[in-house]
$ cat start_3.cif   # mmCIF, C-alpha atoms
data_query
loop_
_atom_site.label_atom_id
_atom_site.label_comp_id
_atom_site.auth_asym_id
_atom_site.auth_seq_id
_atom_site.Cartn_x
_atom_site.Cartn_y
_atom_site.Cartn_z
CA MET A 28 -18.29 -3.61 -17.65
CA THR A 29 -16.39 -0.49 -16.72
CA ILE A 30 -13.21 -0.37 -14.67
CA ALA A 31 -14.03 1.67 -11.58
CA THR A 32 -11.86 4.64 -10.68
CA PRO A 33 -11.40 5.40 -6.96
CA SER A 34 -12.90 8.66 -5.78
CA PRO A 35 -10.56 11.49 -4.72
CA ALA A 36 -11.62 11.07 -1.08
CA SER A 37 -10.74 7.40 -1.08
CA THR A 38 -7.25 8.01 -2.50
CA ALA A 39 -6.17 10.86 -0.26
CA LEU A 40 -2.43 10.59 0.28
CA HIS A 41 -0.56 10.52 3.52
CA ALA A 42 1.43 13.69 4.02
CA GLU A 43 4.58 11.70 4.65
CA THR A 44 6.27 9.05 2.55
CA GLY A 45 8.60 7.94 5.31
CA ALA A 46 6.26 5.16 6.50
CA ALA A 47 7.07 1.60 5.44
CA LEU A 48 5.88 0.90 1.90
CA ARG A 49 4.23 -2.43 1.11
CA PHE A 50 4.66 -3.25 -2.56
CA ILE A 51 4.44 -6.30 -4.78
CA THR A 52 6.13 -7.39 -7.96
CA CYS A 53 3.79 -8.94 -10.52
CA GLY A 54 3.40 -9.60 -14.22
CA SER A 55 3.75 -12.60 -16.50
CA VAL A 56 5.75 -15.72 -15.71
CA ASP A 57 9.54 -15.46 -16.06
CA ASP A 58 9.49 -11.68 -16.40
CA GLY A 59 12.17 -11.45 -13.70
CA LYS A 60 10.14 -10.64 -10.59
CA SER A 61 12.11 -12.80 -8.17
CA THR A 62 15.41 -11.67 -9.73
CA LEU A 63 14.39 -8.03 -9.27
CA ILE A 64 13.66 -8.55 -5.58
CA GLY A 65 16.93 -10.41 -5.17
CA ARG A 66 18.72 -7.49 -6.79
CA LEU A 67 17.02 -4.99 -4.46
CA LEU A 68 17.99 -7.08 -1.43
CA VAL A 69 21.60 -7.40 -2.56
CA ASP A 70 22.08 -3.78 -3.60
CA SER A 71 20.50 -2.53 -0.37
CA LYS A 72 23.01 -4.71 1.51
CA THR A 73 20.26 -6.73 3.18
CA VAL A 74 21.71 -10.11 2.15
CA LEU A 75 24.62 -11.63 4.04
CA GLN A 76 27.53 -13.33 2.31
CA ASP A 77 26.55 -16.79 3.59
CA GLN A 78 23.05 -16.26 2.14
CA LEU A 79 24.56 -15.42 -1.24
CA ALA A 80 26.70 -18.54 -1.04
CA GLY A 81 23.54 -20.59 -0.59
CA VAL A 82 21.88 -19.38 -3.81
CA GLN A 83 24.44 -20.58 -6.31
CA ARG A 84 23.32 -22.37 -9.44
CA GLY A 85 25.84 -23.59 -12.01
CA GLY A 86 28.61 -21.70 -10.26
CA GLU A 87 26.80 -18.33 -10.52
CA THR A 88 24.57 -16.44 -8.10
CA ASP A 89 20.86 -16.92 -8.84
CA LEU A 90 19.17 -13.91 -7.28
CA ALA A 91 15.70 -15.44 -7.75
CA LEU A 92 16.50 -18.11 -5.16
CA LEU A 93 16.57 -15.44 -2.44
CA THR A 94 12.75 -15.34 -2.60
CA ASP A 95 11.83 -18.70 -4.12
CA GLY A 96 12.01 -20.68 -0.89
CA LEU A 97 9.71 -23.64 -1.60
CA SER A 98 11.43 -26.76 -2.88
CA ALA A 99 8.98 -26.94 -5.80
CA GLU A 100 9.86 -23.35 -6.73
CA ARG A 101 13.57 -24.09 -6.75
CA GLU A 102 13.13 -27.30 -8.72
CA GLN A 103 10.90 -25.75 -11.38
CA GLY A 104 12.41 -22.27 -11.43
CA ILE A 105 9.03 -20.60 -10.89
CA THR A 106 7.26 -18.69 -8.11
CA ILE A 107 4.22 -20.48 -6.69
CA ASP A 108 3.35 -18.79 -3.40
CA VAL A 109 3.80 -15.18 -2.31
CA ALA A 110 7.14 -14.63 -0.58
CA TYR A 111 7.55 -11.58 1.65
CA ARG A 112 10.92 -9.95 2.21
CA TYR A 113 11.97 -6.87 4.15
CA PHE A 114 14.68 -4.31 3.54
CA SER A 115 15.39 -0.66 4.19
CA THR A 116 17.37 2.24 2.83
CA ALA A 117 18.50 5.44 4.50
CA HIS A 118 15.14 6.96 3.54
CA ARG A 119 12.55 4.22 4.02
CA LYS A 120 11.56 0.71 5.07
CA PHE A 121 9.98 -1.72 2.61
CA VAL A 122 7.89 -4.88 2.70
CA ILE A 123 8.01 -6.73 -0.64
CA GLY A 124 5.62 -9.39 -1.85
CA ASP A 125 6.91 -11.54 -4.70
CA ALA A 126 3.71 -12.59 -6.49
CA PRO A 127 3.65 -15.57 -8.89
CA GLY A 128 3.18 -14.94 -12.60
CA HIS A 129 1.58 -18.23 -13.61
CA GLU A 130 -2.10 -17.85 -14.45
CA GLN A 131 -3.07 -20.77 -12.21
CA TYR A 132 -1.63 -18.93 -9.18
CA THR A 133 -3.51 -15.67 -9.81
CA ARG A 134 -5.32 -16.16 -6.46
CA ASN A 135 -1.98 -15.77 -4.68
CA MET A 136 -1.25 -12.57 -6.57
CA VAL A 137 -4.67 -11.18 -5.61
CA THR A 138 -3.97 -11.94 -1.94
CA ALA A 139 -0.71 -10.01 -2.08
CA ALA A 140 -2.18 -7.05 -3.98
CA SER A 141 -5.12 -6.64 -1.61
CA SER A 142 -2.89 -5.13 1.10
CA ALA A 143 -0.25 -3.44 -1.07
CA ASP A 144 0.46 0.28 -1.34
CA ALA A 145 2.19 -0.08 -4.70
CA ALA A 146 2.78 -2.61 -7.46
CA VAL A 147 5.74 -3.01 -9.77
CA VAL A 148 4.42 -4.69 -12.92
CA LEU A 149 7.32 -6.25 -14.80
CA VAL A 150 7.35 -6.52 -18.59
CA ASP A 151 9.88 -8.82 -20.26
CA ALA A 152 11.05 -6.95 -23.36
CA THR A 153 12.44 -10.13 -24.93
CA LYS A 154 8.97 -11.72 -25.06
CA LEU A 155 7.53 -8.96 -27.26
CA ALA A 156 8.69 -9.70 -30.81
CA TRP A 157 7.92 -6.19 -32.06
CA ALA A 158 10.04 -4.58 -29.35
CA GLY A 159 13.30 -5.10 -31.23
CA GLU A 160 12.08 -4.63 -34.79
CA VAL A 161 12.89 -1.57 -36.87
CA GLY A 162 11.59 -0.16 -40.12
CA ASP A 163 8.66 -2.32 -41.22
CA GLY A 164 8.22 -3.43 -37.62
CA GLU A 165 5.81 -0.53 -37.18
CA VAL A 166 3.07 -2.61 -38.84
CA VAL A 167 3.37 -5.37 -36.24
CA LYS A 168 0.36 -5.43 -33.92
CA ARG A 169 1.60 -4.45 -30.49
CA GLU A 170 -0.09 -6.62 -27.92
CA LEU A 171 1.02 -6.99 -24.33
CA LEU A 172 1.03 -10.40 -22.66
CA PRO A 173 -2.32 -11.41 -21.11
CA GLN A 174 -0.88 -11.68 -17.59
CA THR A 175 0.61 -8.19 -17.87
CA ARG A 176 -2.87 -6.90 -18.63
CA ARG A 177 -4.61 -9.11 -16.06
CA HIS A 178 -2.26 -8.25 -13.18
CA THR A 179 -2.43 -4.53 -13.98
CA LEU A 180 -6.23 -4.61 -14.04
CA LEU A 181 -6.37 -6.56 -10.78
CA CYS A 182 -4.01 -4.10 -9.07
CA HIS A 183 -6.20 -1.24 -10.26
CA LEU A 184 -9.43 -2.94 -9.18
CA LEU A 185 -7.91 -3.73 -5.77
CA ARG A 186 -7.08 -0.04 -5.28
CA VAL A 187 -3.32 -0.45 -5.29
CA GLN A 188 -2.51 3.23 -5.13
CA SER A 189 0.68 3.39 -7.20
CA ILE A 190 1.39 1.24 -10.24
CA VAL A 191 4.86 1.28 -11.78
CA PHE A 192 5.76 -0.48 -15.02
CA ALA A 193 9.31 -1.87 -15.06
CA VAL A 194 10.46 -2.92 -18.54
CA ASN A 195 13.00 -5.65 -17.84
CA LYS A 196 15.74 -7.44 -19.85
CA LEU A 197 16.33 -4.52 -22.20
CA ASP A 198 20.03 -5.31 -21.89
CA ALA A 199 19.36 -8.35 -24.10
CA ILE A 200 17.96 -6.23 -26.97
CA ASP A 201 20.20 -4.50 -29.49
CA ASP A 202 18.26 -1.24 -29.72
CA ALA A 203 17.14 -0.81 -26.11
CA GLU A 204 16.01 2.78 -26.66
CA LEU A 205 13.64 1.89 -29.52
CA ALA A 206 12.32 -1.13 -27.64
CA PHE A 207 11.65 0.91 -24.50
CA GLU A 208 9.94 3.62 -26.53
CA ARG A 209 7.58 1.14 -28.21
CA ILE A 210 6.82 -0.82 -25.06
CA SER A 211 6.19 2.39 -23.10
CA GLU A 212 3.77 3.51 -25.80
CA ALA A 213 1.90 0.20 -25.69
CA LEU A 214 1.70 0.32 -21.89
CA ALA A 215 0.48 3.93 -21.94
CA ASN A 216 -2.24 3.11 -24.49
CA PHE A 217 -3.40 0.12 -22.45
CA ALA A 218 -3.41 2.08 -19.19
CA GLU A 219 -5.38 4.94 -20.75
CA ALA A 220 -7.99 2.56 -22.16
CA ALA A 221 -8.34 0.80 -18.79
CA GLY A 222 -8.43 4.01 -16.74
CA VAL A 223 -5.27 3.04 -14.87
CA GLN A 224 -3.10 5.83 -13.52
CA VAL A 225 0.58 4.89 -13.85
CA ALA A 226 3.15 6.41 -11.51
CA ALA A 227 6.10 5.75 -13.84
CA THR A 228 7.55 3.47 -16.53
CA VAL A 229 11.19 2.56 -15.97
CA PRO A 230 13.68 0.55 -18.09
CA ILE A 231 15.64 -1.90 -15.94
CA SER A 232 17.94 -4.89 -16.04
CA ALA A 233 17.27 -6.84 -12.85
CA LEU A 234 20.10 -9.22 -13.68
CA LYS A 235 22.73 -6.50 -14.08
CA GLY A 236 21.20 -4.01 -11.66
CA TRP A 237 20.75 -1.23 -14.18
CA ASN A 238 18.24 1.41 -13.01
CA VAL A 239 17.23 -0.78 -10.06
CA ALA A 240 18.93 0.65 -6.98
CA SER A 241 21.02 3.22 -8.84
CA ARG A 242 20.69 5.01 -12.16
CA HIS A 243 22.31 3.74 -15.33
CA ALA A 244 23.01 7.02 -17.07
CA ASP A 245 21.26 7.68 -20.40
CA TRP A 246 20.51 4.01 -20.99
CA ALA A 247 17.51 3.27 -23.24
CA GLY A 248 16.99 7.01 -23.61
CA TYR A 249 15.75 7.24 -20.01
CA LYS A 250 16.90 10.07 -17.77
CA GLY A 251 14.61 9.65 -14.78
CA PRO A 252 15.15 8.18 -11.30
CA SER A 253 15.97 4.56 -10.59
CA LEU A 254 13.24 2.16 -9.52
CA LEU A 255 14.34 2.29 -5.88
CA GLU A 256 14.40 6.09 -5.90
CA LEU A 257 10.81 6.05 -7.18
CA LEU A 258 9.71 3.59 -4.50
CA GLU A 259 11.21 5.81 -1.80
CA GLN A 260 8.86 8.61 -2.87
CA LEU A 261 5.59 6.71 -3.29
CA PRO A 262 2.81 7.35 -0.74
CA VAL A 263 1.31 4.71 1.52
CA THR A 264 -2.41 4.01 1.24
CA ALA A 265 -4.54 6.27 3.39
CA GLN A 266 -6.80 4.57 5.93
CA ASP A 267 -10.58 4.98 5.64
CA GLU A 268 -10.78 7.81 8.17
CA SER A 269 -13.50 9.70 6.28
CA VAL A 270 -15.88 6.72 6.36
CA PRO A 271 -18.19 6.29 9.40
CA PHE A 272 -17.00 4.00 12.18
CA ALA A 273 -17.09 0.26 11.45
CA PHE A 274 -15.49 -2.49 13.52
CA PRO A 275 -15.53 -6.27 12.85
CA VAL A 276 -15.38 -8.22 16.12
CA GLN A 277 -12.60 -10.79 15.99
CA TRP A 278 -12.32 -11.97 19.59
CA VAL A 279 -14.35 -11.59 22.78
CA GLU A 280 -12.44 -11.34 26.07
CA LYS A 281 -14.55 -12.14 29.12
CA PHE A 282 -14.25 -10.76 32.65
CA SER A 283 -17.19 -12.61 34.17
CA ALA A 284 -15.64 -12.52 37.66
CA SER A 285 -15.71 -8.72 37.77
CA ALA A 286 -18.09 -7.18 40.32
CA ASP A 287 -18.42 -3.93 38.34
CA THR A 288 -21.88 -3.98 36.76
CA SER A 289 -21.88 -0.33 35.69
CA ARG A 290 -20.67 -1.39 32.26
CA GLY A 291 -20.26 -4.51 30.15
CA ARG A 292 -17.82 -7.11 31.43
CA ARG A 293 -16.44 -8.12 28.05
CA VAL A 294 -13.86 -6.56 25.75
CA PHE A 295 -14.48 -6.82 22.00
CA TRP A 296 -11.18 -6.96 20.13
CA GLY A 297 -10.54 -6.37 16.45
CA ARG A 298 -9.15 -3.88 13.95
CA VAL A 299 -10.99 -0.64 13.26
CA ALA A 300 -12.07 -0.88 9.63
CA SER A 301 -13.04 2.76 9.15
CA GLY A 302 -13.47 5.99 11.08
CA HIS A 303 -12.38 6.07 14.72
CA ILE A 304 -13.70 5.04 18.12
CA GLU A 305 -13.56 6.78 21.52
CA PRO A 306 -15.51 6.64 24.79
CA GLY A 307 -18.98 8.17 24.63
CA GLN A 308 -19.72 7.18 21.03
CA ARG A 309 -22.98 5.42 20.28
CA ILE A 310 -22.80 2.16 18.32
CA THR A 311 -25.16 -0.31 16.66
CA VAL A 312 -24.53 -4.05 16.59
CA LEU A 313 -25.03 -5.93 13.32
CA PRO A 314 -26.94 -8.22 12.94
CA SER A 315 -28.88 -7.86 16.22
CA ASN A 316 -29.50 -4.10 15.71
CA GLN A 317 -28.94 -3.45 19.44
CA HIS A 318 -27.59 -0.08 20.59
CA ALA A 319 -25.07 0.88 23.25
CA THR A 320 -22.56 3.54 24.26
CA VAL A 321 -18.82 2.94 24.30
CA ALA A 322 -17.56 3.01 27.90
CA GLN A 323 -13.86 2.41 27.25
CA VAL A 324 -11.48 1.98 24.31
CA LEU A 325 -8.15 0.17 24.64
CA SER A 326 -5.23 0.24 22.22
CA HIS A 327 -3.39 -2.95 21.27
CA THR A 328 -1.14 -2.32 24.30
CA ARG A 329 -4.24 -1.93 26.52
CA GLU A 330 -3.80 1.81 26.94
CA PRO A 331 -7.09 3.75 27.26
CA LYS A 332 -7.14 5.97 24.16
CA ALA A 333 -9.05 6.70 20.97
CA VAL A 334 -8.21 4.32 18.12
CA HIS A 335 -8.32 5.15 14.41
CA ALA A 336 -8.85 3.10 11.24
CA GLY A 337 -6.22 0.50 10.55
CA HIS A 338 -5.31 -0.07 14.21
CA SER A 339 -6.36 -2.75 16.68
CA ALA A 340 -8.69 -1.86 19.53
CA GLY A 341 -10.53 -3.34 22.48
CA ILE A 342 -14.00 -1.91 23.05
CA VAL A 343 -16.00 -2.08 26.28
CA LEU A 344 -19.68 -1.11 26.14
CA ASP A 345 -21.78 0.55 28.83
CA ARG A 346 -24.00 -2.51 29.20
CA GLU A 347 -24.03 -6.23 28.49
CA LEU A 348 -24.99 -7.13 24.92
CA ASP A 349 -24.88 -10.43 23.09
CA VAL A 350 -21.96 -9.76 20.73
CA SER A 351 -19.91 -12.57 19.18
CA ARG A 352 -17.05 -13.03 16.75
CA GLY A 353 -18.24 -12.03 13.30
CA ASP A 354 -20.60 -9.29 14.50
CA TRP A 355 -19.97 -5.69 13.47
CA LEU A 356 -20.05 -2.56 15.66
CA LEU A 357 -21.19 0.35 13.49
CA ALA A 358 -21.88 4.05 13.73
CA PRO A 359 -25.68 4.38 14.20
CA ASP A 360 -27.69 5.12 11.04
CA ALA A 361 -24.51 5.37 8.94
CA PHE A 362 -25.02 2.12 7.04
CA GLU A 363 -28.00 0.45 5.44
CA PRO A 364 -27.43 -3.32 5.51
CA VAL A 365 -28.40 -4.99 2.23
CA ARG A 366 -29.27 -8.50 1.06
CA GLU A 367 -28.29 -7.97 -2.58
CA ILE A 368 -25.09 -6.50 -3.97
CA THR A 369 -23.63 -5.90 -7.41
CA ALA A 370 -19.93 -6.60 -7.47
CA THR A 371 -16.89 -7.08 -9.64
CA VAL A 372 -15.33 -10.48 -9.01
CA ALA A 373 -11.93 -11.90 -9.81
CA TRP A 374 -12.82 -15.56 -10.24
CA LEU A 375 -10.05 -17.74 -8.76
CA ASP A 376 -11.52 -21.23 -8.74
CA ASP A 377 -10.82 -23.88 -11.37
CA GLU A 378 -14.54 -24.68 -11.52
CA PRO A 379 -16.39 -21.97 -13.50
CA LEU A 380 -18.81 -19.61 -11.79
CA VAL A 381 -22.40 -20.09 -12.93
CA ALA A 382 -25.64 -18.46 -11.84
CA GLY A 383 -27.52 -20.26 -9.08
CA ARG A 384 -24.48 -21.54 -7.20
CA VAL A 385 -24.29 -20.87 -3.45
CA TYR A 386 -21.07 -19.95 -1.65
CA TRP A 387 -19.96 -18.78 1.74
CA ALA A 388 -19.25 -15.02 1.68
CA LEU A 389 -16.79 -13.65 4.22
CA GLN A 390 -16.74 -9.98 5.20
CA GLY A 391 -14.46 -9.15 8.08
CA HIS A 392 -15.04 -12.18 10.32
CA ARG A 393 -18.68 -12.68 9.39
CA TRP A 394 -19.81 -15.63 7.26
CA VAL A 395 -23.10 -15.57 5.34
CA LYS A 396 -24.47 -17.69 2.51
CA ALA A 397 -24.42 -15.95 -0.90
CA LYS A 398 -26.24 -17.09 -4.02
CA VAL A 399 -25.10 -15.97 -7.48
CA ALA A 400 -28.34 -14.40 -8.72
CA ARG A 401 -26.93 -13.60 -12.16
CA ILE A 402 -23.74 -12.94 -14.08
CA VAL A 403 -23.84 -9.53 -15.71
CA ASP A 404 -20.77 -9.57 -17.96
CA ARG A 405 -17.10 -10.42 -18.30
CA VAL A 406 -14.21 -8.14 -19.22
CA ASN A 407 -12.18 -9.09 -22.27
CA ILE A 408 -8.57 -8.84 -21.10
CA THR A 409 -7.34 -7.91 -24.58
CA THR A 410 -9.96 -5.39 -25.71
CA LEU A 411 -11.22 -4.33 -22.24
CA ASP A 412 -14.77 -4.60 -23.61
CA ALA A 413 -17.64 -5.94 -21.48
CA GLU A 414 -18.96 -9.17 -22.96
CA PRO A 415 -22.22 -10.91 -22.06
CA THR A 416 -21.60 -14.35 -20.56
CA ASP A 417 -23.33 -17.09 -18.62
CA GLN A 418 -20.22 -18.17 -16.70
CA LEU A 419 -16.82 -16.99 -15.51
CA GLU A 420 -13.83 -19.27 -16.03
CA ALA A 421 -10.74 -19.39 -13.85
CA ASN A 422 -8.95 -16.02 -13.61
CA ALA A 423 -11.75 -14.16 -15.40
CA ILE A 424 -12.93 -10.75 -14.21
CA GLY A 425 -16.61 -9.88 -14.41
CA ASP A 426 -19.66 -8.34 -12.76
CA VAL A 427 -22.22 -10.40 -10.84
CA VAL A 428 -25.25 -9.91 -8.62
CA LEU A 429 -25.15 -11.73 -5.26
CA SER A 430 -28.16 -12.46 -3.04
CA LEU A 431 -27.22 -12.74 0.64
CA GLN A 432 -28.94 -14.95 3.17
CA GLN A 433 -28.38 -12.30 5.87
CA PRO A 434 -27.84 -8.54 5.45
CA LEU A 435 -24.35 -7.04 5.41
CA ALA A 436 -23.22 -3.43 5.82
CA VAL A 437 -21.28 -2.68 2.65
CA LEU A 438 -19.91 0.31 0.80
CA PRO A 439 -18.51 0.50 -2.73
CA PHE A 440 -14.92 -0.70 -2.79
CA THR A 441 -13.92 2.68 -4.19
CA GLN A 442 -14.96 4.18 -0.84
CA SER A 443 -13.71 1.53 1.57
CA ARG A 444 -11.30 -1.35 1.02
CA THR A 445 -12.66 -3.22 4.06
CA LEU A 446 -16.40 -2.60 3.82
CA GLY A 447 -16.34 -3.01 0.04
CA SER A 448 -14.56 -6.36 -0.15
CA LEU A 449 -15.58 -9.96 0.45
CA ILE A 450 -14.33 -13.36 -0.53
CA LEU A 451 -16.40 -16.29 -1.75
CA VAL A 452 -15.54 -19.74 -0.41
CA ASP A 453 -16.77 -23.01 -1.90
CA THR A 454 -19.12 -24.66 0.58
CA ALA A 455 -17.88 -28.18 -0.20
CA SER A 456 -14.16 -27.86 -0.94
CA HIS A 457 -13.60 -24.77 1.27
CA ARG A 458 -11.39 -23.27 -1.44
CA THR A 459 -11.28 -19.51 -1.88
CA SER A 460 -13.27 -19.06 -5.09
CA ALA A 461 -13.37 -15.31 -5.70
CA ALA A 462 -12.30 -11.88 -4.58
CA VAL A 463 -15.41 -9.68 -4.50
CA LEU A 464 -15.34 -5.90 -4.88
CA VAL A 465 -18.66 -4.15 -4.21
CA ARG A 466 -19.80 -1.72 -6.88
CA PRO A 467 -22.00 1.34 -6.39
CA ALA A 468 -25.61 0.13 -6.46
CA ALA A 469 -26.67 2.64 -9.13
CA THR A 470 -24.14 1.52 -11.72
CA LYS A 471 -25.97 -1.63 -12.70
CA ALA A 472 -29.61 -2.41 -13.24
#
$ encode --input "start_3.cif" --output "structure tokens"
Amino acid sequence: MTIATPSPASTALHAETGAALRFITCGSVDDGKSTLIGRLLVDSKTVLQDQLAGVQRGGETDLALLTDGLSAEREQGITIDVAYRYFSTAHRKFVIGDAPGHEQYTRNMVTAASSADAAVVLVDATKLAWAGEVGDGEVVKRELLPQTRRHTLLCHLLRVQSIVFAVNKLDAIDDAELAFERISEALANFAEAAGVQVAATVPISALKGWNVASRHADWAGYKGPSLLELLEQLPVTAQDESVPFAFPVQWVEKFSASADTSRGRRVFWGRVASGHIEPGQRITVLPSNQHATVAQVLSHTREPKAVHAGHSAGIVLDRELDVSRGDWLLAPDAFEPVREITATVAWLDDEPLVAGRVYWALQGHRWVKAKVARIVDRVNITTLDAEPTDQLEANAIGDVVLSLQQPLAVLPFTQSRTLGSLILVDTASHRTSAAVLVRPAATKA
């Protein structure tokens, strides 16, 4: 198995970095993700004094409690579900997702990463025994924690555009500079082997606030910007404007009482997945393969105007067609619907994936049955090698071939986040079983 690298066209940057940045914090359990977000909220003056008074533990402020809102999270001192928080600086607005580090909650991390522009992967320096050793410590095998590797790979596979490593808790190590140097080297070697492009590696102390919102001069031998300064400069993910028009129908609004029969009397609402839509364009309906011309396009505020990828639209056709929720409106002849796809899956279910099982596959708002025709391989999180396997256990990453009961219009995930992604849902338990990322058809036999 190879880790796919997005094409240049699919990673084109927005010209401006002033738009709100959606980013997540991830990594292994207890690496300080919730504390880091709490520190960002406090140092950006987003938290009120009465809120701080409500997150006391043992007479001291526990910054992690600002995001750990579930009672189970507060009782156990862990993050279980994704918590979203909002803050802004003089330069930018931010939406933060605090993703859980426990392996059993990887599905929640995947959900958060799927819509993120950036990811801050935390690394707890105190958990790496070789980080503080000197002299003979050079012979110690330098392995990162499995969740550090897994979360980084998942962010890369999910096309999170900017990945930042934040080496935390260096304030608890005697020789912070040596520890940061060694950890940075290990992270760089791992990223190079996995084909992951890293925006930056920053030493921080989330507890003390060092290099978080403001720089801590010359600490750990680092002279670069603080984490917040870096986040203010990261680009947001470009929408799929270069991909032909595709539109998943979410809701059908009916005007059956209208006397105007010169065009269709229904508005098809949804979010434009790729390209753009304007009056006069021809479209094809999937799965019926009917054709029509767009008579009117409405924005989310019902203004007649062209709508581009990433924005909601209401589409009126020039004639009545049988279109329902789950259907797709597509640019004619731009897509070739397929019944078999090769895909990389992040397996999220506790029950292993085996060949022959049938699941519900969801793309946009369309449900189809999908059978696992075969499992190609599994990626070894430690070595990054592709290993033959006959099943995928919980939180494994591997390649599979899916046979679909009905055709879907798909593109490789490296070209389109929306058209290249599906989820698999267990037909009996209705649990989300896998995140599916479509691979180019020619890459696998």
$ residues_around --input "start_3.cif" --residues "A:Leu313" --least-positions-apart "3" --cutoff "7 Å" --atoms "all atoms listed in the file" --output "PyMOL selection string"
chain A and resi 316+354-356
$ write_last_selection --input "start_3.cif" --atoms "C-alpha atoms" --output "PDB file, in the coordinates of the input"
ATOM      1  CA  ASN A 316     -29.500  -4.100  15.710  1.00  0.00           C
ATOM      2  CA  ASP A 354     -20.600  -9.290  14.500  1.00  0.00           C
ATOM      3  CA  TRP A 355     -19.970  -5.690  13.470  1.00  0.00           C
ATOM      4  CA  LEU A 356     -20.050  -2.560  15.660  1.00  0.00           C
TER       5      LEU A 356
END
$ closest_atom_pairs --input "start_3.cif" --of "stretch 379-463 of chain A" --to "stretch 367-373 of chain A" --cutoff "6 Å" --atoms "only C-alpha atoms" --output "JSON lines"
{"residue": "A:Ile424", "atom": "CA", "partner": "A:Ala373", "partner_atom": "CA", "distance": 4.7}
{"residue": "A:Gly425", "atom": "CA", "partner": "A:Thr371", "partner_atom": "CA", "distance": 5.5}
{"residue": "A:Asp426", "atom": "CA", "partner": "A:Thr371", "partner_atom": "CA", "distance": 4.4}
{"residue": "A:Val427", "atom": "CA", "partner": "A:Ala370", "partner_atom": "CA", "distance": 5.6}
{"residue": "A:Val428", "atom": "CA", "partner": "A:Thr369", "partner_atom": "CA", "distance": 4.5}
{"residue": "A:Leu429", "atom": "CA", "partner": "A:Ile368", "partner_atom": "CA", "distance": 5.4}
{"residue": "A:Ser430", "atom": "CA", "partner": "A:Glu367", "partner_atom": "CA", "distance": 4.5}
{"residue": "A:Leu431", "atom": "CA", "partner": "A:Glu367", "partner_atom": "CA", "distance": 5.9}
{"residue": "A:Ala461", "atom": "CA", "partner": "A:Ala373", "partner_atom": "CA", "distance": 5.5}
{"residue": "A:Ala462", "atom": "CA", "partner": "A:Ala373", "partner_atom": "CA", "distance": 5.2}
{"residue": "A:Val463", "atom": "CA", "partner": "A:Val372", "partner_atom": "CA", "distance": 4.6}
$ atom_distance --input "start_3.cif" --atom1 "atom CA of A:Glu347" --atom2 "atom CA of A:Leu389"
26.4 Å
$ resolve_selection --input "start_3.cif" --expression "the PyMOL selection byres ((chain A and resi 277-283) around 12)" --output "ChimeraX atom specification"
/A:274-276,284-288,290-300,339-343,347-356,390-393
$ closest_residue --input "start_3.cif" --among "A:Ser301, A:Thr133, A:Thr409, A:Ser289" --to "A:Arg346" --atoms "only C-alpha atoms"
A:Ser289
$ resolve_selection --input "start_3.cif" --expression "the PyMOL selection byres ((chain A and resi 255-272) around 7)" --output "JSON, numbers by chain"
{"A": [38, 39, 40, 41, 44, 48, 118, 119, 144, 188, 239, 240, 252, 253, 254, 273, 274, 301, 302, 303, 304, 336, 337, 357, 358, 361, 443]}
$ resolve_selection --input "start_3.cif" --expression "the PyMOL selection byres ((chain A and resi 227) around 8)" --output "PyMOL selection string"
chain A and resi 190-192+225-226+228-229
$ closest_residue --input "start_3.cif" --among "A:Val223, A:Leu172, A:Leu449, A:Leu214" --to "A:Val437" --atoms "all atoms listed in the file"
A:Leu449
$ atom_distance --input "start_3.cif" --atom1 "atom CA of A:Leu451" --atom2 "atom CA of A:Trp387"
5.6 Å
